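S.K.: Have a look at this one.
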Amino acid sequence: MSFPFLQPYAGLGNSLQTAQAAGGAGGAVGGWVELGRTTLGSDGDSIDVTGLADKRYYMVLGDFRSSGNTIPSVRFNSDTGTNYARRQSNNGGADATATSTNLISWGSTDSAANQKFGFGYLVNLPSKEKLWIAQMGESGSTGAANATNRREVVAKWANTSNSISSVNIINQSSGDYVSGSECVVLGWDPADTHTSNFWEELASVELGTTADSFDTGTFTAKKYLWVQVFTKGSGAVRAGVRLGNSTIDTGANYAIKRSHNGAADETFTNGTFGVMTTSGAPSNDNEFINMFIINNASNEKLAISHYSRKNTSGAANAPNRGEIVGKWANTSNQCNIIQAHNDQSGDFVSGSIIKVWGAD
Amino acid sequence: MAWAKNGTETLTSASLDLDLGVSTALTKYKFSVYLTHILNDGTGSANDSAPAFTFDNVGTASYANRVSANGGSDSTFTSQTKEYLSLNTIKDDFFSVVYFCAIDGEEQLMLSWTVDAKSSGAGTAPNRDESINKYTGTSQFERVDNNNNRGSTFGYEYDTDSNATILGTD
């Protein structure tokens, strides 16, 4: 058995050296920059990130660890008026709407005392309503035998006179966010000239031969991971993404909830497939996977993923899609290696890519 | 390399178009995030929008997508001359997030989410769209043209302060 040849991108070495010389995560102008964060030092029901600079776009990351039942919810500028409206889907179910509410429910009613992880994008112009697009992953009960849950939300804050200066996380339920729970707010603005990018490149590999799997090699573990995978297939292929610490965990330690092409969610537990796996196995397919992971050593690792599959080449063939929340039921180590693997009869071929960015 | 600003444009007057890479080509990146915040100027008999974009000003039948509106069943569209982000027309201001994967020599793949304010006030819930798209051009794009495909008779123009931004990385 031979190991696939992995090569860094052409030019990556020089780019990475430049970035490191400029201060680690920085170097390039104008990526997402951290504006504020609040980490709970003791159990509580609210996490306020205040003093935010006025930016056109925000990206919000939420690491919510629960004692008892929690339902992460959001307000802006501590506005407790009935100035919010939303639309959401739980586990791929029919959309529900709520209007004239005093907050935006971000999480669902998952009753397990568990790990919840969300990311959201927010647009901010003082004279216009603020619009929010967000996802939430929930681990369910501990262990790979228990499925994850997922939620999609869009919302607006009907304020047309202020810029956003704070993001307020509230718990709508009876439990608590435990110490260490956190909200981080990133920003981006057309006027930005900073080089202090939040997302630092941790790994970048390109497959140089034909193989059923390839991985990043060991990288510096970070709390928040952003992963993008491009796989190029020969024959029948279906990509999955596994995690590990020093070595890839190929055991039955994963659980996922997945919708393919908008169909009802499927649940898979005690699986070896990884924190995500695509559906179907068309021939010679290319896949693009975008994934965010919360990566705390003592908590299950939660991943929110989406994929786009090319389908047969040509504009006469629509692509296929998937939405997945998965977990790696490891509660002792951070993930510091990521693998793309194919469980079908074909192969990944040269030019397939894994990229990992991260931040603590 | 780190994520970098590749292009941004903010309208100084209302227009049906909001384009990136026209006067100065965009850098070719393998992975990009495309953010658009479009404002309704109140014009057009239907006062709505069908946001669509092209790559490198290619207007031939080179685009296909799969889209769900408000969590409904997927619809597919093939051999299109533009890339669409929504199934139905957008009713008011909207915000889109699109991830691009543009590998040289391969068809280009996208994942997108859009929220439409629908109408002003917290008494109206927003609409949402989830779309995945592909562009059959196999050269990495250097230009993204976004326009309201409804045209000015029916649709609104993108108002002053509408913004499109693209961040990229290799």
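For the structure tokens, the naming scheme is as follows: chains receive sequential letters (A, B, ...) according to their order of presentation, residues are indexed from 1 within each chain, and ligands are indexed from 1 in presentation order.
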Determine which residues of chain B DSSP labels as strand (DSSP E or B) from the backbone of this structure, then write them out as an mmCIF file with N, CA, C and O atoms, in the first residue's frame.

M.R.:
data_model
loop_
_atom_site.group_PDB
_atom_site.id
_atom_site.type_symbol
_atom_site.label_atom_id
_atom_site.label_comp_id
_atom_site.auth_asym_id
_atom_site.auth_seq_id
_atom_site.Cartn_x
_atom_site.Cartn_y
_atom_site.Cartn_z
ATOM 1 N N ALA B 4 -8.123 37.550 2.075
ATOM 2 C CA ALA B 4 -7.813 38.930 1.713
ATOM 3 C C ALA B 4 -8.990 39.565 0.985
ATOM 4 O O ALA B 4 -9.779 38.876 0.323
ATOM 5 N N LYS B 5 -9.071 40.880 1.099
ATOM 6 C CA LYS B 5 -10.065 41.611 0.319
ATOM 7 C C LYS B 5 -9.703 41.507 -1.154
ATOM 8 O O LYS B 5 -8.594 41.830 -1.551
ATOM 9 N N ASN B 6 -10.660 41.090 -1.968
ATOM 10 C CA ASN B 6 -10.405 40.987 -3.403
ATOM 11 C C ASN B 6 -11.113 42.114 -4.150
ATOM 12 O O ASN B 6 -10.588 42.614 -5.139
ATOM 13 N N GLY B 7 -12.267 42.482 -3.704
ATOM 14 C CA GLY B 7 -12.975 43.591 -4.334
ATOM 15 C C GLY B 7 -14.166 44.028 -3.504
ATOM 16 O O GLY B 7 -14.754 43.205 -2.798
ATOM 17 N N THR B 8 -14.492 45.294 -3.556
ATOM 18 C CA THR B 8 -15.694 45.788 -2.891
ATOM 19 C C THR B 8 -16.197 46.998 -3.651
ATOM 20 O O THR B 8 -15.402 47.763 -4.207
ATOM 21 N N GLU B 9 -17.510 47.134 -3.717
ATOM 22 C CA GLU B 9 -18.109 48.249 -4.441
ATOM 23 C C GLU B 9 -19.361 48.684 -3.689
ATOM 24 O O GLU B 9 -20.210 47.851 -3.357
ATOM 25 N N THR B 10 -19.463 49.977 -3.440
ATOM 26 C CA THR B 10 -20.654 50.536 -2.801
ATOM 27 C C THR B 10 -21.248 51.563 -3.750
ATOM 28 O O THR B 10 -20.540 52.486 -4.199
ATOM 29 N N SER B 15 -28.810 51.894 -9.206
ATOM 30 C CA SER B 15 -28.436 51.216 -10.447
ATOM 31 C C SER B 15 -29.033 49.806 -10.451
ATOM 32 O O SER B 15 -29.275 49.228 -9.390
ATOM 33 N N ASP B 17 -27.256 47.473 -11.560
ATOM 34 C CA ASP B 17 -26.040 46.650 -11.560
ATOM 35 C C ASP B 17 -25.117 46.992 -10.397
ATOM 36 O O ASP B 17 -25.014 48.162 -10.009
ATOM 37 N N LEU B 18 -24.443 45.988 -9.903
ATOM 38 C CA LEU B 18 -23.423 46.173 -8.874
ATOM 39 C C LEU B 18 -22.333 45.140 -9.164
ATOM 40 O O LEU B 18 -22.463 43.964 -8.823
ATOM 41 N N ASP B 19 -21.287 45.597 -9.813
ATOM 42 C CA ASP B 19 -20.309 44.684 -10.408
ATOM 43 C C ASP B 19 -18.944 44.798 -9.723
ATOM 44 O O ASP B 19 -18.559 45.873 -9.250
ATOM 45 N N LEU B 20 -18.224 43.708 -9.748
ATOM 46 C CA LEU B 20 -16.865 43.663 -9.207
ATOM 47 C C LEU B 20 -15.911 43.170 -10.287
ATOM 48 O O LEU B 20 -16.231 42.219 -11.005
ATOM 49 N N PHE B 31 -10.742 29.896 -3.393
ATOM 50 C CA PHE B 31 -11.888 29.952 -2.493
ATOM 51 C C PHE B 31 -12.217 31.416 -2.209
ATOM 52 O O PHE B 31 -11.310 32.227 -1.959
ATOM 53 N N SER B 32 -13.511 31.737 -2.238
ATOM 54 C CA SER B 32 -13.942 33.115 -2.014
ATOM 55 C C SER B 32 -15.230 33.136 -1.206
ATOM 56 O O SER B 32 -15.996 32.158 -1.197
ATOM 57 N N VAL B 33 -15.453 34.263 -0.550
ATOM 58 C CA VAL B 33 -16.740 34.554 0.086
ATOM 59 C C VAL B 33 -17.254 35.847 -0.522
ATOM 60 O O VAL B 33 -16.543 36.859 -0.529
ATOM 61 N N TYR B 34 -18.473 35.791 -1.045
ATOM 62 C CA TYR B 34 -19.087 36.922 -1.758
ATOM 63 C C TYR B 34 -20.272 37.398 -0.922
ATOM 64 O O TYR B 34 -21.211 36.640 -0.669
ATOM 65 N N LEU B 35 -20.190 38.636 -0.454
ATOM 66 C CA LEU B 35 -21.230 39.219 0.400
ATOM 67 C C LEU B 35 -21.924 40.327 -0.369
ATOM 68 O O LEU B 35 -21.256 41.190 -0.948
ATOM 69 N N THR B 36 -23.253 40.298 -0.377
ATOM 70 C CA THR B 36 -23.986 41.390 -1.022
ATOM 71 C C THR B 36 -25.080 41.868 -0.087
ATOM 72 O O THR B 36 -25.834 41.071 0.473
ATOM 73 N N HIS B 37 -25.149 43.164 0.072
ATOM 74 C CA HIS B 37 -26.226 43.808 0.833
ATOM 75 C C HIS B 37 -26.881 44.796 -0.114
ATOM 76 O O HIS B 37 -26.317 45.846 -0.427
ATOM 77 N N ILE B 38 -28.066 44.440 -0.593
ATOM 78 C CA ILE B 38 -28.746 45.209 -1.624
ATOM 79 C C ILE B 38 -29.935 45.949 -1.012
ATOM 80 O O ILE B 38 -30.745 45.354 -0.284
ATOM 81 N N ASN B 40 -33.332 48.469 -1.540
ATOM 82 C CA ASN B 40 -34.452 48.725 -2.445
ATOM 83 C C ASN B 40 -34.652 50.237 -2.578
ATOM 84 O O ASN B 40 -34.869 50.930 -1.574
ATOM 85 N N ASP B 48 -39.593 44.777 -6.979
ATOM 86 C CA ASP B 48 -38.944 43.567 -6.482
ATOM 87 C C ASP B 48 -37.629 43.342 -7.221
ATOM 88 O O ASP B 48 -37.205 44.174 -8.033
ATOM 89 N N SER B 49 -37.005 42.226 -6.939
ATOM 90 C CA SER B 49 -35.694 41.954 -7.517
ATOM 91 C C SER B 49 -35.544 40.468 -7.818
ATOM 92 O O SER B 49 -36.061 39.617 -7.085
ATOM 93 N N PRO B 51 -32.208 38.832 -8.191
ATOM 94 C CA PRO B 51 -30.751 39.011 -8.251
ATOM 95 C C PRO B 51 -30.084 37.880 -9.023
ATOM 96 O O PRO B 51 -30.357 36.707 -8.788
ATOM 97 N N ALA B 52 -29.235 38.276 -9.949
ATOM 98 C CA ALA B 52 -28.546 37.296 -10.790
ATOM 99 C C ALA B 52 -27.127 37.794 -11.020
ATOM 100 O O ALA B 52 -26.872 38.997 -10.996
ATOM 101 N N PHE B 53 -26.226 36.861 -11.223
ATOM 102 C CA PHE B 53 -24.867 37.297 -11.520
ATOM 103 C C PHE B 53 -24.231 36.417 -12.582
ATOM 104 O O PHE B 53 -24.661 35.287 -12.827
ATOM 105 N N THR B 54 -23.252 36.992 -13.234
ATOM 106 C CA THR B 54 -22.471 36.261 -14.231
ATOM 107 C C THR B 54 -21.001 36.346 -13.853
ATOM 108 O O THR B 54 -20.576 37.248 -13.106
ATOM 109 N N PHE B 55 -20.237 35.416 -14.376
ATOM 110 C CA PHE B 55 -18.787 35.454 -14.224
ATOM 111 C C PHE B 55 -18.159 35.893 -15.542
ATOM 112 O O PHE B 55 -18.550 35.416 -16.626
ATOM 113 N N TYR B 63 -24.773 28.153 -16.828
ATOM 114 C CA TYR B 63 -25.064 28.174 -15.400
ATOM 115 C C TYR B 63 -26.189 27.185 -15.056
ATOM 116 O O TYR B 63 -27.100 26.958 -15.862
ATOM 117 N N ALA B 64 -26.121 26.626 -13.863
ATOM 118 C CA ALA B 64 -27.188 25.755 -13.360
ATOM 119 C C ALA B 64 -27.259 25.920 -11.855
ATOM 120 O O ALA B 64 -26.247 26.239 -11.208
ATOM 121 N N ASN B 65 -28.447 25.730 -11.296
ATOM 122 C CA ASN B 65 -28.539 25.808 -9.842
ATOM 123 C C ASN B 65 -29.668 24.945 -9.306
ATOM 124 O O ASN B 65 -30.522 24.455 -10.033
ATOM 125 N N ARG B 66 -29.622 24.758 -8.003
ATOM 126 C CA ARG B 66 -30.640 24.047 -7.226
ATOM 127 C C ARG B 66 -30.983 24.958 -6.065
ATOM 128 O O ARG B 66 -30.088 25.412 -5.343
ATOM 129 N N VAL B 67 -32.253 25.233 -5.865
ATOM 130 C CA VAL B 67 -32.623 26.249 -4.887
ATOM 131 C C VAL B 67 -33.859 25.821 -4.104
ATOM 132 O O VAL B 67 -34.769 25.182 -4.640
ATOM 133 N N SER B 68 -33.867 26.195 -2.837
ATOM 134 C CA SER B 68 -35.024 26.010 -1.968
ATOM 135 C C SER B 68 -35.406 27.358 -1.392
ATOM 136 O O SER B 68 -34.553 28.101 -0.906
ATOM 137 N N ALA B 69 -36.711 27.675 -1.450
ATOM 138 C CA ALA B 69 -37.213 28.905 -0.853
ATOM 139 C C ALA B 69 -38.002 28.580 0.405
ATOM 140 O O ALA B 69 -38.878 27.699 0.388
ATOM 141 N N SER B 75 -35.924 23.129 -6.230
ATOM 142 C CA SER B 75 -36.180 23.296 -7.659
ATOM 143 C C SER B 75 -34.831 23.381 -8.353
ATOM 144 O O SER B 75 -33.867 23.902 -7.784
ATOM 145 N N THR B 76 -34.773 22.870 -9.580
ATOM 146 C CA THR B 76 -33.508 22.938 -10.316
ATOM 147 C C THR B 76 -33.696 23.720 -11.615
ATOM 148 O O THR B 76 -34.770 23.701 -12.216
ATOM 149 N N PHE B 77 -32.642 24.387 -11.998
ATOM 150 C CA PHE B 77 -32.639 25.194 -13.214
ATOM 151 C C PHE B 77 -31.336 24.923 -13.950
ATOM 152 O O PHE B 77 -30.259 24.986 -13.360
ATOM 153 N N THR B 78 -31.456 24.603 -15.202
ATOM 154 C CA THR B 78 -30.270 24.234 -15.982
ATOM 155 C C THR B 78 -30.148 25.118 -17.216
ATOM 156 O O THR B 78 -31.110 25.772 -17.639
ATOM 157 N N SER B 79 -28.964 25.130 -17.766
ATOM 158 C CA SER B 79 -28.658 25.866 -19.008
ATOM 159 C C SER B 79 -29.162 27.298 -18.936
ATOM 160 O O SER B 79 -29.830 27.805 -19.842
ATOM 161 N N GLN B 80 -28.850 27.944 -17.850
ATOM 162 C CA GLN B 80 -29.240 29.329 -17.636
ATOM 163 C C GLN B 80 -28.140 30.268 -18.139
ATOM 164 O O GLN B 80 -26.963 29.902 -18.187
ATOM 165 N N GLU B 83 -26.572 33.251 -13.130
ATOM 166 C CA GLU B 83 -26.636 32.496 -11.891
ATOM 167 C C GLU B 83 -27.653 33.173 -10.975
ATOM 168 O O GLU B 83 -27.547 34.377 -10.711
ATOM 169 N N TYR B 84 -28.647 32.414 -10.505
ATOM 170 C CA TYR B 84 -29.688 32.994 -9.639
ATOM 171 C C TYR B 84 -29.515 32.509 -8.202
ATOM 172 O O TYR B 84 -29.087 31.382 -7.966
ATOM 173 N N ILE B 90 -37.270 38.683 -4.931
ATOM 174 C CA ILE B 90 -36.957 39.278 -3.636
ATOM 175 C C ILE B 90 -37.833 40.520 -3.487
ATOM 176 O O ILE B 90 -37.966 41.311 -4.417
ATOM 177 N N PHE B 94 -32.076 42.899 0.713
ATOM 178 C CA PHE B 94 -31.652 41.527 0.992
ATOM 179 C C PHE B 94 -30.149 41.452 1.242
ATOM 180 O O PHE B 94 -29.387 42.370 0.907
ATOM 181 N N PHE B 95 -29.759 40.342 1.821
ATOM 182 C CA PHE B 95 -28.373 40.070 2.195
ATOM 183 C C PHE B 95 -28.067 38.638 1.765
ATOM 184 O O PHE B 95 -28.818 37.723 2.101
ATOM 185 N N SER B 96 -26.983 38.467 1.005
ATOM 186 C CA SER B 96 -26.576 37.134 0.551
ATOM 187 C C SER B 96 -25.140 36.836 0.966
ATOM 188 O O SER B 96 -24.283 37.729 0.962
ATOM 189 N N VAL B 97 -24.913 35.587 1.305
ATOM 190 C CA VAL B 97 -23.564 35.067 1.559
ATOM 191 C C VAL B 97 -23.346 33.907 0.599
ATOM 192 O O VAL B 97 -24.136 32.964 0.585
ATOM 193 N N VAL B 98 -22.286 33.986 -0.198
ATOM 194 C CA VAL B 98 -21.992 32.938 -1.182
ATOM 195 C C VAL B 98 -20.536 32.499 -1.011
ATOM 196 O O VAL B 98 -19.632 33.332 -0.946
ATOM 197 N N TYR B 99 -20.334 31.185 -0.935
ATOM 198 C CA TYR B 99 -18.974 30.634 -0.982
ATOM 199 C C TYR B 99 -18.712 30.146 -2.402
ATOM 200 O O TYR B 99 -19.504 29.385 -2.956
ATOM 201 N N PHE B 100 -17.595 30.559 -2.973
ATOM 202 C CA PHE B 100 -17.179 30.117 -4.297
ATOM 203 C C PHE B 100 -16.008 29.144 -4.171
ATOM 204 O O PHE B 100 -15.097 29.366 -3.360
ATOM 205 N N CYS B 101 -16.013 28.121 -4.991
ATOM 206 C CA CYS B 101 -14.851 27.247 -5.146
ATOM 207 C C CYS B 101 -14.496 27.260 -6.625
ATOM 208 O O CYS B 101 -15.255 26.742 -7.453
ATOM 209 N N GLN B 108 -17.011 25.579 -11.717
ATOM 210 C CA GLN B 108 -16.932 26.311 -10.453
ATOM 211 C C GLN B 108 -18.211 26.104 -9.649
ATOM 212 O O GLN B 108 -19.321 26.177 -10.196
ATOM 213 N N LEU B 109 -18.043 25.842 -8.358
ATOM 214 C CA LEU B 109 -19.150 25.436 -7.492
ATOM 215 C C LEU B 109 -19.408 26.498 -6.428
ATOM 216 O O LEU B 109 -18.476 27.143 -5.939
ATOM 217 N N MET B 110 -20.675 26.640 -6.059
ATOM 218 C CA MET B 110 -21.074 27.664 -5.101
ATOM 219 C C MET B 110 -22.085 27.136 -4.098
ATOM 220 O O MET B 110 -22.879 26.250 -4.418
ATOM 221 N N LEU B 111 -22.065 27.742 -2.914
ATOM 222 C CA LEU B 111 -23.066 27.521 -1.869
ATOM 223 C C LEU B 111 -23.553 28.901 -1.457
ATOM 224 O O LEU B 111 -22.743 29.788 -1.212
ATOM 225 N N SER B 112 -24.883 29.084 -1.347
ATOM 226 C CA SER B 112 -25.337 30.425 -0.987
ATOM 227 C C SER B 112 -26.567 30.416 -0.090
ATOM 228 O O SER B 112 -27.363 29.473 -0.105
ATOM 229 N N TRP B 113 -26.694 31.495 0.670
ATOM 230 C CA TRP B 113 -27.844 31.745 1.545
ATOM 231 C C TRP B 113 -28.254 33.206 1.373
ATOM 232 O O TRP B 113 -27.393 34.092 1.327
ATOM 233 N N THR B 114 -29.550 33.432 1.315
ATOM 234 C CA THR B 114 -30.060 34.786 1.142
ATOM 235 C C THR B 114 -31.209 35.022 2.114
ATOM 236 O O THR B 114 -32.073 34.150 2.293
ATOM 237 N N VAL B 115 -31.203 36.190 2.728
ATOM 238 C CA VAL B 115 -32.349 36.621 3.542
ATOM 239 C C VAL B 115 -32.920 37.889 2.915
ATOM 240 O O VAL B 115 -32.192 38.818 2.589
ATOM 241 N N ASP B 116 -34.232 37.876 2.734
ATOM 242 C CA ASP B 116 -34.979 38.987 2.134
ATOM 243 C C ASP B 116 -35.843 39.602 3.234
ATOM 244 O O ASP B 116 -36.685 38.904 3.826
ATOM 245 N N ASN B 127 -37.989 36.318 4.305
ATOM 246 C CA ASN B 127 -37.903 35.115 3.463
ATOM 247 C C ASN B 127 -36.455 34.660 3.385
ATOM 248 O O ASN B 127 -35.530 35.448 3.609
ATOM 249 N N ARG B 128 -36.283 33.391 3.016
ATOM 250 C CA ARG B 128 -34.921 32.880 2.861
ATOM 251 C C ARG B 128 -34.826 31.978 1.640
ATOM 252 O O ARG B 128 -35.815 31.361 1.215
ATOM 253 N N ASP B 129 -33.645 31.915 1.103
ATOM 254 C CA ASP B 129 -33.323 31.018 -0.006
ATOM 255 C C ASP B 129 -31.990 30.337 0.275
ATOM 256 O O ASP B 129 -31.066 30.962 0.803
ATOM 257 N N GLU B 130 -31.930 29.072 -0.092
ATOM 258 C CA GLU B 130 -30.666 28.326 -0.083
ATOM 259 C C GLU B 130 -30.452 27.860 -1.511
ATOM 260 O O GLU B 130 -31.306 27.167 -2.064
ATOM 261 N N SER B 131 -29.333 28.214 -2.082
ATOM 262 C CA SER B 131 -29.077 27.835 -3.467
ATOM 263 C C SER B 131 -27.658 27.310 -3.601
ATOM 264 O O SER B 131 -26.744 27.815 -2.946
ATOM 265 N N ILE B 132 -27.503 26.277 -4.401
ATOM 266 C CA ILE B 132 -26.150 25.887 -4.825
ATOM 267 C C ILE B 132 -26.116 26.054 -6.329
ATOM 268 O O ILE B 132 -27.107 25.835 -7.025
ATOM 269 N N ASN B 133 -24.974 26.472 -6.805
ATOM 270 C CA ASN B 133 -24.866 26.852 -8.204
ATOM 271 C C ASN B 133 -23.585 26.293 -8.789
ATOM 272 O O ASN B 133 -22.622 26.017 -8.064
ATOM 273 N N LYS B 134 -23.605 26.172 -10.108
ATOM 274 C CA LYS B 134 -22.338 25.880 -10.789
ATOM 275 C C LYS B 134 -22.247 26.699 -12.067
ATOM 276 O O LYS B 134 -23.265 27.055 -12.673
ATOM 277 N N TYR B 135 -21.014 26.986 -12.405
ATOM 278 C CA TYR B 135 -20.690 27.716 -13.627
ATOM 279 C C TYR B 135 -19.744 26.833 -14.416
ATOM 280 O O TYR B 135 -18.737 26.359 -13.881
ATOM 281 N N VAL B 144 -17.277 39.587 -11.438
ATOM 282 C CA VAL B 144 -18.617 39.148 -11.041
ATOM 283 C C VAL B 144 -19.572 40.320 -11.252
ATOM 284 O O VAL B 144 -19.425 41.370 -10.620
ATOM 285 N N ASP B 145 -20.538 40.133 -12.147
ATOM 286 C CA ASP B 145 -21.537 41.173 -12.437
ATOM 287 C C ASP B 145 -22.860 40.768 -11.802
ATOM 288 O O ASP B 145 -23.407 39.717 -12.135
ATOM 289 N N ASN B 146 -23.354 41.595 -10.925
ATOM 290 C CA ASN B 146 -24.614 41.328 -10.230
ATOM 291 C C ASN B 146 -25.650 42.317 -10.730
ATOM 292 O O ASN B 146 -25.391 43.523 -10.782
ATOM 293 N N ASN B 147 -26.816 41.837 -11.120
ATOM 294 C CA ASN B 147 -27.850 42.789 -11.531
ATOM 295 C C ASN B 147 -29.235 42.276 -11.165
ATOM 296 O O ASN B 147 -29.417 41.085 -10.867
ATOM 297 N N ASN B 148 -30.187 43.202 -11.152
ATOM 298 C CA ASN B 148 -31.578 42.834 -10.934
ATOM 299 C C ASN B 148 -32.163 42.432 -12.280
ATOM 300 O O ASN B 148 -32.423 43.290 -13.135
ATOM 301 N N GLY B 155 -38.768 45.830 -11.717
ATOM 302 C CA GLY B 155 -37.975 45.692 -10.511
ATOM 303 C C GLY B 155 -37.462 47.003 -9.960
ATOM 304 O O GLY B 155 -37.512 48.039 -10.619
ATOM 305 N N TYR B 158 -30.958 48.869 -7.437
ATOM 306 C CA TYR B 158 -30.153 48.760 -6.230
ATOM 307 C C TYR B 158 -29.841 50.183 -5.772
ATOM 308 O O TYR B 158 -29.252 50.985 -6.521
ATOM 309 N N ASN B 163 -24.002 47.352 -1.345
ATOM 310 C CA ASN B 163 -22.594 46.938 -1.367
ATOM 311 C C ASN B 163 -22.440 45.486 -1.825
ATOM 312 O O ASN B 163 -23.250 44.634 -1.468
ATOM 313 N N ALA B 164 -21.398 45.245 -2.579
ATOM 314 C CA ALA B 164 -20.953 43.881 -2.890
ATOM 315 C C ALA B 164 -19.473 43.793 -2.560
ATOM 316 O O ALA B 164 -18.704 44.718 -2.853
ATOM 317 N N THR B 165 -19.107 42.682 -1.955
ATOM 318 C CA THR B 165 -17.731 42.492 -1.499
ATOM 319 C C THR B 165 -17.311 41.059 -1.757
ATOM 320 O O THR B 165 -18.129 40.141 -1.613
ATOM 321 N N ILE B 166 -16.071 40.888 -2.124
ATOM 322 C CA ILE B 166 -15.568 39.521 -2.260
ATOM 323 C C ILE B 166 -14.212 39.400 -1.559
ATOM 324 O O ILE B 166 -13.321 40.230 -1.746
ATOM 325 N N LEU B 167 -14.119 38.406 -0.698
ATOM 326 C CA LEU B 167 -12.870 38.048 -0.028
ATOM 327 C C LEU B 167 -12.380 36.746 -0.634
ATOM 328 O O LEU B 167 -13.192 35.897 -1.021
ATOM 329 N N GLY B 168 -11.070 36.577 -0.707
ATOM 330 C CA GLY B 168 -10.580 35.361 -1.338
ATOM 331 C C GLY B 168 -9.313 34.828 -0.708
ATOM 332 O O GLY B 168 -8.631 35.520 0.066
ATOM 333 N N THR B 169 -9.016 33.578 -1.045
ATOM 334 C CA THR B 169 -7.789 32.946 -0.575
ATOM 335 C C THR B 169 -7.415 31.799 -1.510
ATOM 336 O O THR B 169 -8.270 31.251 -2.193
#

S.K.: Could the residues of chain A that have an atom at most 6 Å from chain B be listed as CSV, each with its closest atom pair and the distance in Å to one decimal, counting only C-alpha atoms and ordered by chain and ascending residue number?

M.R.:
residue,atom,partner,partner_atom,distance
A:Ser15,CA,B:Met1,CA,5.5
A:Leu16,CA,B:Met1,CA,5.6
A:Ala28,CA,B:Ala4,CA,5.3
A:Val29,CA,B:Ala4,CA,5.3
A:Gly30,CA,B:Lys5,CA,4.8
A:Gly31,CA,B:Ala4,CA,4.9
A:Asn83,CA,B:Ala122,CA,5.1
A:Tyr84,CA,B:Ala122,CA,5.1
A:Ala85,CA,B:Ala122,CA,5.1
A:Arg86,CA,B:Ala125,CA,5.4
A:Asp95,CA,B:Gly71,CA,5.7
A:Thr99,CA,B:Gly123,CA,5.1
A:Ser100,CA,B:Ala122,CA,4.9
A:Ala158,CA,B:Gly121,CA,5.3
A:Gly262,CA,B:Asp74,CA,5.8
A:Gly314,CA,B:Thr136,CA,5.9
A:Ala315,CA,B:Ser79,CA,4.7
A:Ala316,CA,B:Thr78,CA,4.9
A:Ala318,CA,B:Ala64,CA,5.2

S.K.: Rank A:Asn296, A:Gln228, A:Gln172, A:Thr267 by their smallest atom-to-atom distance to Ala147 of chain A, using only C-alpha atoms, and report the top residue only.

M.R.: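 Using only C-alpha atoms, Ala147 of chain A sits closest to A:Thr267.
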
S.K.: Would you kindly return, as a list in words, each protein, DNA or RNA residue with an atom no farther than 7 Å from any atom of Ala303 of chain A, considering only C-alpha atoms and excluding same-chain residues fewer than 5 positions away?

M.R.: Val275, Met291, Phe292, Ile293, Ile294, Val325, Gly326 and Lys327 of chain A

S.K.: Could you please take those selected residues and save N, CA and C atoms as a CSV table (one decimal), in the first residue's frame?

M.R.:
chain,number,residue,atom,x,y,z
A,275,VAL,N,-17.5,13.4,10.4
A,275,VAL,CA,-18.5,14.4,10.9
A,275,VAL,C,-19.4,14.9,9.7
A,291,MET,N,-17.1,23.9,5.9
A,291,MET,CA,-17.4,23.3,7.2
A,291,MET,C,-16.8,24.2,8.3
A,292,PHE,N,-17.6,24.4,9.4
A,292,PHE,CA,-17.1,25.1,10.6
A,292,PHE,C,-17.1,24.1,11.7
A,293,ILE,N,-16.1,24.1,12.6
A,293,ILE,CA,-16.0,23.1,13.7
A,293,ILE,C,-15.7,23.8,15.0
A,294,ILE,N,-16.4,23.4,16.1
A,294,ILE,CA,-16.0,23.9,17.4
A,294,ILE,C,-15.1,22.8,18.0
A,325,VAL,N,-25.1,18.4,10.2
A,325,VAL,CA,-24.5,18.7,11.4
A,325,VAL,C,-24.0,17.4,12.0
A,326,GLY,N,-22.7,17.3,12.2
A,326,GLY,CA,-22.1,16.0,12.7
A,326,GLY,C,-21.3,16.3,14.0
A,327,LYS,N,-21.0,15.2,14.6
A,327,LYS,CA,-20.1,15.3,15.8
A,327,LYS,C,-19.1,14.1,15.8

S.K.: Report as a ChimeraX atom specification all protein, DNA and RNA residues lying within 12 Å of Asn171 of chain A, evaluated on only C-alpha atoms, omitting residues in the same chain fewer than 6 positions from it.

M.R.: /A:43-48,64-75,103-109,177-178,181

S.K.: Can you pull out every residue within 7 Å of Gly21 of chain B, counting only C-alpha atoms, but drop anything in the same chain fewer than 2 positions away, and send it as a list in words?

M.R.: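 The residues that qualify are Asp19, Ser23, Thr24, Ala25, Leu26, Glu142, Arg143 and Val144 of chain B.
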
S.K.: Convert the current residue selection to file output with N, CA and C atoms, as a tab-separated table (two decimals), in the first residue's frame.

M.R.:
chain	number	residue	atom	x	y	z
B	19	ASP	N	-21.29	45.60	-9.81
B	19	ASP	CA	-20.31	44.68	-10.41
B	19	ASP	C	-18.94	44.80	-9.72
B	23	SER	N	-13.28	47.36	-13.85
B	23	SER	CA	-12.15	48.23	-14.24
B	23	SER	C	-10.81	47.59	-13.90
B	24	THR	N	-10.75	46.89	-12.79
B	24	THR	CA	-9.54	46.15	-12.41
B	24	THR	C	-9.96	44.71	-12.14
B	25	ALA	N	-9.36	43.80	-12.85
B	25	ALA	CA	-9.75	42.39	-12.71
B	25	ALA	C	-9.56	41.91	-11.27
B	26	LEU	N	-10.47	41.07	-10.83
B	26	LEU	CA	-10.31	40.43	-9.53
B	26	LEU	C	-9.13	39.46	-9.58
B	142	GLU	N	-12.55	36.37	-12.92
B	142	GLU	CA	-11.90	37.64	-12.58
B	142	GLU	C	-12.90	38.78	-12.47
B	143	ARG	N	-14.17	38.45	-12.67
B	143	ARG	CA	-15.18	39.49	-12.68
B	143	ARG	C	-16.51	38.87	-12.26
B	144	VAL	N	-17.28	39.59	-11.44
B	144	VAL	CA	-18.62	39.15	-11.04
B	144	VAL	C	-19.57	40.32	-11.25
